[in-house]
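This is coords.txt. It holds compact mmCIF, C-alpha atoms.
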# COMPACT_ATOMS: atom_id res chain seq x y z
CA MET W 73 84.93 84.06 148.64
CA SER W 74 85.82 87.17 150.58
CA GLY W 75 83.09 89.79 150.72
CA GLY W 76 80.20 87.37 150.16
CA ASP W 77 79.14 85.77 146.89
CA LYS W 78 80.28 88.62 144.63
CA LEU W 79 83.51 90.57 144.45
CA ASP W 80 83.42 94.32 144.01
CA PHE W 81 86.05 95.53 141.54
CA GLU W 82 87.96 98.68 142.35
CA ILE W 83 88.54 100.65 139.15
CA ARG W 84 91.89 102.47 139.04
CA PRO W 85 92.16 104.22 135.66
CA ASN W 86 95.56 104.28 134.03
CA PRO W 87 96.97 107.79 134.68
CA ALA W 88 98.97 107.71 131.45
CA PRO W 89 96.96 105.84 128.79
CA VAL W 90 98.15 105.54 125.21
CA SER W 91 96.98 108.53 123.18
CA ALA W 92 94.17 108.12 120.67
CA ALA W 93 96.55 108.82 117.78
CA ASP W 94 99.14 106.27 118.97
CA ARG W 95 96.42 103.71 119.63
CA ALA W 96 95.05 104.13 116.11
CA ALA W 97 98.53 103.58 114.67
CA LEU W 98 98.96 100.40 116.71
CA LEU W 99 95.53 99.09 115.70
CA ALA W 100 96.26 99.57 112.00
CA ASN W 101 98.40 96.43 112.03
CA PRO W 102 98.46 94.85 115.51
CA GLY W 103 99.73 91.41 114.51
CA PHE W 104 99.07 88.80 117.18
CA GLY W 105 99.97 89.16 120.84
CA ARG W 106 102.45 92.03 120.59
CA VAL W 107 100.25 95.04 121.38
CA PHE W 108 98.51 95.41 124.76
CA THR W 109 95.78 97.62 126.17
CA ASP W 110 96.05 100.20 128.96
CA HIS W 111 94.61 98.11 131.80
CA MET W 112 94.58 94.68 133.41
CA VAL W 113 92.57 92.85 136.07
CA THR W 114 94.10 91.40 139.23
CA ILE W 115 92.50 89.35 142.03
CA ARG W 116 94.37 87.71 144.89
CA TYR W 117 93.74 84.50 146.78
CA ALA W 118 94.97 83.23 150.15
CA ASP W 119 94.03 80.08 152.06
CA GLY W 120 91.64 80.97 154.84
CA LYS W 121 90.75 84.29 153.20
CA GLY W 122 89.54 83.33 149.75
CA TRP W 123 89.46 85.70 146.79
CA TYR W 124 90.01 89.36 147.57
CA ASP W 125 91.36 92.70 146.33
CA ALA W 126 89.75 92.66 142.87
CA ARG W 127 90.98 95.51 140.70
CA VAL W 128 90.97 96.92 137.21
CA GLU W 129 94.22 98.88 137.12
CA ALA W 130 96.95 100.15 134.84
CA ARG W 131 98.76 97.35 133.01
CA ALA W 132 102.20 97.08 134.61
CA PRO W 133 104.90 94.54 135.48
CA ILE W 134 103.98 92.14 138.29
CA PRO W 135 106.46 92.20 141.20
CA MET W 136 107.62 88.67 141.95
CA ASP W 137 109.89 87.15 144.57
CA PRO W 138 112.54 84.77 143.15
CA ALA W 139 111.13 82.07 145.43
CA ALA W 140 107.57 82.43 144.09
CA ALA W 141 106.20 78.91 143.79
CA VAL W 142 105.26 79.22 140.10
CA LEU W 143 108.91 79.71 139.14
CA HIS W 144 109.88 76.38 140.66
CA TYR W 145 106.87 74.06 140.43
CA ALA W 146 104.90 75.58 137.53
CA GLN W 147 101.47 75.89 139.14
CA GLU W 148 99.98 78.01 136.37
CA ILE W 149 96.91 77.93 134.14
CA PHE W 150 95.42 80.23 131.53
CA GLU W 151 92.59 80.74 129.07
CA GLY W 152 92.14 82.48 125.73
CA MET W 153 89.05 84.12 124.24
CA LYS W 154 88.09 87.16 122.23
CA ALA W 155 85.88 90.23 122.35
CA TYR W 156 84.44 91.40 119.01
CA ARG W 157 82.81 94.48 117.55
CA SER W 158 79.37 93.34 116.47
CA VAL W 159 77.54 94.58 113.40
CA ASP W 160 75.13 96.64 115.53
CA GLY W 161 77.97 98.65 117.08
CA GLY W 162 78.10 96.74 120.35
CA VAL W 163 80.75 94.41 121.75
CA THR W 164 80.38 90.66 122.32
CA MET W 165 82.32 87.72 123.70
CA PHE W 166 81.93 84.13 122.56
CA ARG W 167 80.99 81.50 125.18
CA PRO W 168 82.89 83.01 128.16
CA TYR W 169 81.10 80.70 130.61
CA ALA W 170 82.54 77.69 128.76
CA ASN W 171 86.01 79.19 129.25
CA ALA W 172 85.17 79.81 132.91
CA ALA W 173 84.24 76.15 133.37
CA ARG W 174 87.43 74.97 131.65
CA PHE W 175 89.51 77.37 133.75
CA ALA W 176 88.02 75.80 136.88
CA ALA W 177 88.72 72.29 135.58
CA SER W 178 92.33 73.23 134.85
CA ALA W 179 92.65 74.67 138.37
CA ARG W 180 91.40 71.44 139.94
CA ARG W 181 93.88 69.37 137.93
CA MET W 182 96.76 71.63 138.97
CA ALA W 183 95.74 71.63 142.68
CA MET W 184 94.78 75.31 142.57
CA PRO W 185 91.73 77.15 143.95
CA THR W 186 88.77 77.55 141.58
CA LEU W 187 87.64 81.04 140.67
CA PRO W 188 83.81 81.24 140.65
CA GLU W 189 82.51 81.32 137.09
CA GLU W 190 80.56 84.55 137.60
CA THR W 191 83.70 86.28 138.89
CA PHE W 192 85.69 84.99 135.92
CA VAL W 193 83.18 86.38 133.40
CA ASP W 194 82.76 89.62 135.38
CA SER W 195 86.53 90.19 135.26
CA LEU W 196 86.48 89.93 131.45
CA HIS W 197 83.44 92.16 131.17
CA ARG W 198 85.00 94.92 133.26
CA LEU W 199 88.30 94.90 131.39
CA VAL W 200 86.56 95.04 128.00
CA GLU W 201 84.39 97.92 129.20
CA VAL W 202 87.40 99.95 130.30
CA ASP W 203 89.51 99.19 127.21
CA ARG W 204 86.74 99.10 124.60
CA GLU W 205 88.55 101.58 122.34
CA TRP W 206 91.28 98.99 121.82
CA ILE W 207 89.03 96.58 119.91
CA PRO W 208 90.08 96.64 116.22
CA GLU W 209 87.64 97.12 113.35
CA GLY W 210 87.35 94.65 110.48
CA GLU W 211 86.50 90.96 110.15
CA ASP W 212 89.95 89.72 111.20
CA GLY W 213 90.27 92.10 114.16
CA SER W 214 89.36 91.30 117.76
CA LEU W 215 90.49 91.86 121.33
CA TYR W 216 92.24 88.73 122.57
CA LEU W 217 91.68 88.19 126.30
CA ARG W 218 94.19 86.24 128.37
CA PRO W 219 93.04 85.31 131.90
CA PHE W 220 95.71 83.45 133.87
CA MET W 221 96.49 82.38 137.42
CA PHE W 222 99.71 81.35 139.11
CA ALA W 223 101.09 80.35 142.50
CA SER W 224 102.51 83.50 144.09
CA GLU W 225 103.39 82.16 147.54
CA VAL W 226 107.06 82.52 148.47
CA PHE W 227 108.32 79.06 149.45
CA LEU W 228 110.40 76.15 148.16
CA GLY W 229 108.52 73.15 149.55
CA VAL W 230 106.89 70.75 147.11
CA ARG W 231 103.18 71.17 147.82
CA PRO W 232 100.26 73.19 146.46
CA ALA W 233 100.76 76.86 147.20
CA ASN W 234 98.61 78.80 149.66
CA GLU W 235 98.58 82.08 147.70
CA TYR W 236 97.68 82.83 144.08
CA LEU W 237 97.31 85.75 141.72
CA TYR W 238 94.63 85.79 139.03
CA ALA W 239 95.01 88.36 136.25
CA VAL W 240 93.56 89.27 132.85
CA ILE W 241 95.42 91.14 130.13
CA ALA W 242 94.12 92.10 126.69
CA SER W 243 95.75 92.34 123.28
CA PRO W 244 94.21 93.71 120.07
CA VAL W 245 94.93 91.18 117.32
CA GLY W 246 94.54 90.51 113.62
CA SER W 247 94.75 87.16 111.85
CA TYR W 248 96.64 84.42 113.73
CA PHE W 249 98.43 83.17 110.62
CA SER W 250 100.17 85.76 108.45
CA GLY W 251 98.50 86.12 105.08
CA GLY W 252 95.00 85.47 106.44
CA VAL W 253 92.99 82.30 105.91
CA ARG W 254 94.95 79.84 103.78
CA PRO W 255 95.71 76.11 103.91
CA VAL W 256 98.56 75.56 106.34
CA THR W 257 101.30 72.95 106.20
CA VAL W 258 101.72 70.69 109.23
CA TRP W 259 104.58 68.52 110.47
CA VAL W 260 103.80 65.16 112.09
CA SER W 261 106.33 64.82 114.90
CA PRO W 262 108.13 61.46 114.90
CA ASP W 263 109.88 61.98 118.26
CA TYR W 264 107.86 64.18 120.57
CA THR W 265 104.46 63.79 122.22
CA ARG W 266 102.32 66.46 123.85
CA ALA W 267 100.71 64.58 126.74
CA ALA W 268 100.33 61.09 128.20
CA PRO W 269 97.38 59.34 129.87
CA GLY W 270 97.07 60.50 133.45
CA GLY W 271 98.99 63.70 132.72
CA THR W 272 97.87 67.28 132.26
CA GLY W 273 96.83 67.13 128.60
CA ALA W 274 93.24 68.18 129.33
CA ALA W 275 94.35 71.18 131.44
CA LYS W 276 95.24 74.48 129.83
CA CYS W 277 98.54 74.94 131.63
CA GLY W 278 101.77 76.49 130.44
CA GLY W 279 103.74 73.27 130.89
CA ASN W 280 101.87 71.59 128.05
CA TYR W 281 102.85 74.39 125.69
CA ALA W 282 106.45 74.47 126.90
CA ALA W 283 106.69 70.76 126.10
CA SER W 284 105.43 71.42 122.57
CA LEU W 285 107.87 74.17 121.63
CA VAL W 286 110.80 71.97 120.55
CA ALA W 287 108.45 70.07 118.25
CA GLN W 288 107.03 73.33 116.91
CA ALA W 289 110.56 74.54 116.21
CA GLU W 290 111.20 71.27 114.36
CA ALA W 291 108.06 71.90 112.30
CA ILE W 292 109.27 75.35 111.31
CA GLU W 293 112.66 73.90 110.33
CA HIS W 294 110.77 71.66 107.90
CA GLY W 295 108.86 74.58 106.40
CA CYS W 296 105.65 73.91 108.31
CA ASP W 297 103.24 76.19 110.17
CA GLN W 298 102.24 73.82 112.96
CA VAL W 299 103.14 70.49 114.53
CA VAL W 300 100.81 67.48 114.83
CA PHE W 301 101.25 65.20 117.84
CA LEU W 302 100.55 61.47 117.89
CA ASP W 303 99.53 59.59 121.02
CA ALA W 304 102.19 58.93 123.64
CA VAL W 305 101.50 55.19 124.03
CA GLU W 306 101.45 53.68 120.52
CA ARG W 307 102.61 56.66 118.44
CA ARG W 308 99.85 55.84 115.93
CA PHE W 309 96.80 57.93 116.77
CA VAL W 310 96.40 61.62 116.01
CA ASP W 311 95.97 63.70 119.17
CA GLU W 312 96.01 67.41 118.29
CA LEU W 313 98.19 70.19 116.95
CA GLY W 314 100.53 72.25 119.08
CA GLY W 315 97.75 74.66 119.96
CA MET W 316 94.61 73.51 118.13
CA ASN W 317 92.21 70.59 117.77
CA VAL W 318 91.98 68.74 114.45
CA PHE W 319 89.01 67.58 112.32
CA PHE W 320 88.65 65.23 109.32
CA VAL W 321 85.91 65.58 106.67
CA TYR W 322 85.05 62.43 104.69
CA ASP W 323 83.23 61.87 101.39
CA ASP W 324 80.23 60.29 103.16
CA ASN W 325 79.34 63.59 104.92
CA THR W 326 81.05 62.56 108.15
CA LEU W 327 83.07 64.87 110.38
CA VAL W 328 85.53 63.11 112.70
CA THR W 329 87.70 64.39 115.53
CA PRO W 330 89.79 62.47 118.08
CA PRO W 331 87.96 61.75 121.35
CA LEU W 332 88.64 63.51 124.64
CA THR W 333 90.47 60.83 126.61
CA GLY W 334 92.46 63.10 128.92
CA THR W 335 95.39 63.82 126.60
CA ILE W 336 93.60 66.40 124.40
CA LEU W 337 92.50 69.88 125.41
CA PRO W 338 88.68 70.14 125.30
CA GLY W 339 88.52 73.13 122.96
CA ILE W 340 85.59 75.55 123.12
CA THR W 341 85.82 76.01 119.34
CA ARG W 342 86.04 72.21 118.96
CA GLU W 343 82.76 71.73 120.82
CA SER W 344 81.15 74.57 118.85
CA VAL W 345 82.18 73.03 115.52
CA LEU W 346 80.71 69.67 116.51
CA THR W 347 77.42 71.36 117.41
CA LEU W 348 77.20 73.49 114.25
CA ALA W 349 78.07 70.53 112.03
CA ALA W 350 75.35 68.41 113.60
CA ASP W 351 72.89 71.29 113.15
CA ALA W 352 73.78 71.28 109.43
CA GLY W 353 73.00 67.57 109.07
CA ILE W 354 76.62 66.42 109.01
CA ARG W 355 77.25 63.18 110.85
CA VAL W 356 79.75 63.86 113.64
CA GLU W 357 81.96 61.25 115.27
CA GLU W 358 84.50 61.43 118.06
CA ARG W 359 86.76 58.45 117.43
CA PRO W 360 90.47 57.64 117.07
CA VAL W 361 92.18 58.36 113.75
CA THR W 362 95.57 56.84 112.97
CA PHE W 363 98.18 58.71 110.98
CA ALA W 364 98.32 55.74 108.59
CA ASP W 365 94.58 56.09 107.94
CA TRP W 366 94.98 59.85 107.43
CA GLN W 367 97.57 59.22 104.72
CA ALA W 368 95.71 56.35 103.06
CA ASP W 369 92.32 58.09 103.06
CA ALA W 370 93.86 61.26 101.59
CA ALA W 371 95.43 59.20 98.80
CA SER W 372 92.18 57.39 97.99
CA GLY W 373 90.11 60.57 98.02
CA ARG W 374 87.88 59.29 100.80
CA LEU W 375 89.24 62.05 103.04
CA ARG W 376 88.17 65.34 101.47
CA GLU W 377 89.23 68.00 103.99
CA VAL W 378 91.21 68.44 107.20
CA PHE W 379 91.14 71.53 109.40
CA ALA W 380 92.38 72.78 112.75
CA CYS W 381 90.41 74.96 115.12
CA GLY W 382 90.95 77.08 118.19
CA THR W 383 90.21 80.50 119.66
CA ALA W 384 93.16 82.24 118.03
CA ALA W 385 92.88 80.76 114.52
CA VAL W 386 89.11 79.98 114.55
CA VAL W 387 88.95 77.36 111.74
CA THR W 388 92.03 76.90 109.55
CA PRO W 389 92.29 74.49 106.58
CA ILE W 390 95.20 72.04 106.46
CA GLY W 391 96.63 71.51 102.98
CA THR W 392 99.99 69.74 103.14
CA VAL W 393 100.97 67.08 105.66
CA ARG W 394 104.72 66.58 106.01
CA PHE W 395 106.58 63.82 107.89
CA PRO W 396 110.11 62.36 107.87
CA ASP W 397 109.42 60.01 104.94
CA GLY W 398 107.63 62.49 102.68
CA GLU W 399 104.47 64.53 102.39
CA PHE W 400 100.96 64.39 100.96
CA LEU W 401 98.10 66.74 100.14
CA VAL W 402 94.55 66.73 101.45
CA GLY W 403 91.85 67.77 98.98
CA GLY W 404 94.37 69.01 96.48
CA GLY W 405 95.75 71.44 99.04
CA GLU W 406 92.81 73.83 98.64
CA PRO W 407 90.39 75.06 101.33
CA GLY W 408 87.41 72.71 101.58
CA ARG W 409 83.74 73.64 101.33
CA VAL W 410 82.79 72.28 104.76
CA THR W 411 85.82 73.85 106.40
CA MET W 412 85.13 77.32 105.07
CA ALA W 413 81.37 77.10 105.69
CA LEU W 414 81.92 76.20 109.35
CA ARG W 415 84.50 78.95 109.71
CA GLN W 416 82.19 81.57 108.23
CA GLN W 417 79.28 80.45 110.39
CA LEU W 418 81.39 80.75 113.54
CA VAL W 419 82.68 84.19 112.56
CA ASP W 420 79.16 85.38 111.76
CA ILE W 421 77.80 84.19 115.11
CA GLN W 422 80.69 85.74 117.03
CA ARG W 423 80.14 89.12 115.37
CA GLY W 424 76.36 89.14 115.48
CA LYS W 425 75.92 88.64 111.72
CA ALA W 426 73.93 85.42 112.14
CA GLY W 427 71.42 83.91 114.52
CA ASP W 428 72.59 82.48 117.83
CA PRO W 429 70.42 79.38 118.40
CA HIS W 430 72.60 78.08 121.23
CA ASP W 431 72.92 81.39 123.15
CA TRP W 432 76.69 81.40 122.81
CA VAL W 433 77.12 85.15 122.40
CA TYR W 434 77.64 87.21 125.55
CA ARG W 435 76.90 90.90 125.07
CA VAL W 436 79.24 93.24 126.94
CA PHE W 437 77.33 96.34 125.79
Any chance you could give the structure as structure tokens?
Amino acid sequence: MSGGDKLDFEIRPNPAPVSAADRAALLANPGFGRVFTDHMVTIRYADGKGWYDARVEARAPIPMDPAAAVLHYAQEIFEGMKAYRSVDGGVTMFRPYANAARFAASARRMAMPTLPEETFVDSLHRLVEVDREWIPEGEDGSLYLRPFMFASEVFLGVRPANEYLYAVIASPVGSYFSGGVRPVTVWVSPDYTRAAPGGTGAAKCGGNYAASLVAQAEAIEHGCDQVVFLDAVERRFVDELGGMNVFFVYDDNTLVTPPLTGTILPGITRESVLTLAADAGIRVEERPVTFADWQADAASGRLREVFACGTAAVVTPIGTVRFPDGEFLVGGGEPGRVTMALRQQLVDIQRGKAGDPHDWVYRVF
């Protein structure tokens, strides 16, 4: 890495930041992903030079040549995490080093350079420090952080690029689903799959999400909030939702989630849920679940709860499952006890309201 083992960030304050009054109006109801802070982070990379020119600067459009490699061959990865106002008046992030490790794994899969984990976390820290006034108050409010990297080299040959741009932007957000925490309705896609063995399913790259959008649109057409994907080989096993991992809670105190076999994104919230459930004495299993079993176990009552989890939505109960031949309810369509307890525990840890036995909370200040 250029400049030794640590990059020095140049701070260039935005000369025309949003006024305090306008910022307060925006934070009153920010929605999700539509309001952005005054600054962003940028770091550049070039073969033979390494990482260089680290800045915190005014958020602005990124100039791009029409032959930039990302526009043609989609070398792009990203992450998602949040900064929170803690109960003691400080600001925290939740497991940023886990996101840093996943970002590096995604980079390796997409033939991109890896950003050192300390630099990744430092970039988040510096942006949050500069834009701390943009963090909303209230239990549903947080500052969503979006680090991303793309191939910026200007060329049209099919090979890994030699130049990249890493950036971080921030967006104050409220609840991911409108109406707050409620059981969502999901659509089980009969035609589309998210990822195949040997593909990029375990990488957090834009192409995976682009491939899911037609299925998500189909879900909305059927009155659903999210799409559920089955495996690409047999079309029997549950993989994940369009942007979240899925969990099943059974009447024998067992929590089950599909295993990480390369087609499912290894969610940070997923791993956290597995750990917290085990701490609570719940038996946790990572094993395949067929859609047929999901339906049959819901009908028999053996399956008590189903929920989805991810950074944006935290833990969200699933109530109605819809598919081309009909629909069924899980747990009477009401939020389950285990689901809501795990959600509350995660929220409390993230905001400093509960103990942190696994040292997951990173204090910004």
Completion exercise
Using only C-alpha atoms, the best pick from W:Leu215, W:Val300, W:Ala139, W:Ala267 as closest to Pro244 of chain W would be W:Leu215
Provide an axis-aligned box for all listed atoms of segment 224-227 of chain W, padding each side by 4 Å; report its centre and its edge lengths in Å to one decimal, as AutoDock Vina command-line options.
--center_x 105.4 --center_y 81.3 --center_z 146.8 --size_x 13.8 --size_y 12.4 --size_z 13.4
Practice task
Using all atoms listed in the file, collect all residues at a distance of at most 12 Å from (102.0, 65.2, 118.5) as written in the file, then present them as a count of residues only.
Solution key: 48
Completion exercise
Counting all atoms listed in the file, the residue among W:Thr383, W:Ser195, W:Gln147, W:Ser158 that lies closest to Asp420 of chain W is W:Ser158
Problem - Minimum-distance residue to Arg106 of chain W, chosen among W:Gly353, W:Pro219, W:Gly246, W:Pro89 (using all atoms listed in the file) - result: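 Of the candidates, the smallest distance to Arg106 of chain W is held by W:Gly246.
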Practice task
List the neighbours of His144 of chain W out to 12 Å using all atoms listed in the file; skip same-chain residues closer than 4 positions along the sequence, and give me the result as a list of chain:residue names.
Solution key: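 Counting all atoms listed in the file, the residues come to W:Asp137, W:Pro138, W:Ala139, W:Ala140, W:Glu148, W:Phe222, W:Ala223, W:Ser224, W:Glu225, W:Val226, W:Phe227, W:Leu228, W:Gly229, W:Val230, W:Arg231, W:Pro232, W:Ala233, W:Gly279.
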Handout entry: Between atom CA of Arg409 of chain W and atom CA of His294 of chain W, distance in Å (one decimal)
Key =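 Separation of atom CA of Arg409 of chain W and atom CA of His294 of chain W: 27.9 Å.
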Handout entry: Shell of 6 Å around segment 237-240 of chain W, only C-alpha atoms, local chain residues under 2 positions omitted, as number ranges by chain
Key = W: 112-116, 218-222
Next, the residues of the selection above should be written as a PDB file, keeping the file's coordinate frame with C-alpha atoms.
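Output contents, as saved in out-v1.pdb:
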ATOM      1  CA  MET W 112      94.580  94.680 133.410  1.00  0.00           C
ATOM      2  CA  VAL W 113      92.570  92.850 136.070  1.00  0.00           C
ATOM      3  CA  THR W 114      94.100  91.400 139.230  1.00  0.00           C
ATOM      4  CA  ILE W 115      92.500  89.350 142.030  1.00  0.00           C
ATOM      5  CA  ARG W 116      94.370  87.710 144.890  1.00  0.00           C
ATOM      6  CA  ARG W 218      94.190  86.240 128.370  1.00  0.00           C
ATOM      7  CA  PRO W 219      93.040  85.310 131.900  1.00  0.00           C
ATOM      8  CA  PHE W 220      95.710  83.450 133.870  1.00  0.00           C
ATOM      9  CA  MET W 221      96.490  82.380 137.420  1.00  0.00           C
ATOM     10  CA  PHE W 222      99.710  81.350 139.110  1.00  0.00           C
TER      11      PHE W 222
END
Exercise for the section: Just the residues within 8 Å of Val386 of chain W, please, counting all atoms listed in the file, with nothing from its chain fewer than 4 positions along; format it as number ranges by chain. Expected result: W: 341, 381-382, 415, 418-419
Problem - Best match for closeness to Arg180 of chain W among W:Thr392, W:Thr272, W:Gln367, W:Gln422, counting all atoms listed in the file - result: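 The shortest atom-to-atom distance to Arg180 of chain W comes from W:Thr272.
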Exercise for the section: Counting only C-alpha atoms, figure out which residue out of W:Met184, W:Cys277, W:Val402, W:Ala370 gets nearest to Leu337 of chain W. Expected result: W:Cys277
Completion exercise
Correct to one decimal, the distance atom CA of Ala172 of chain W-atom CA of Asp351 of chain W is 24.8 Å
Problem - Minimum-distance residue to Phe319 of chain W, chosen among W:Lys276, W:Gly405, W:Ala384, W:Val410 (using all atoms listed in the file) - result: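 Among W:Lys276, W:Gly405, W:Ala384, W:Val410, it is W:Val410 that comes nearest to Phe319 of chain W.
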Exercise for the section: Quick one: everything within 12 Å of Glu201 of chain W, counting only C-alpha atoms, minus sequence neighbours fewer than 2 positions away in the same chain. Send it as a ChimeraX atom specification. Expected result: /W:83,85,109-113,128,155,162-165,194-199,203-207,215,242,435-437
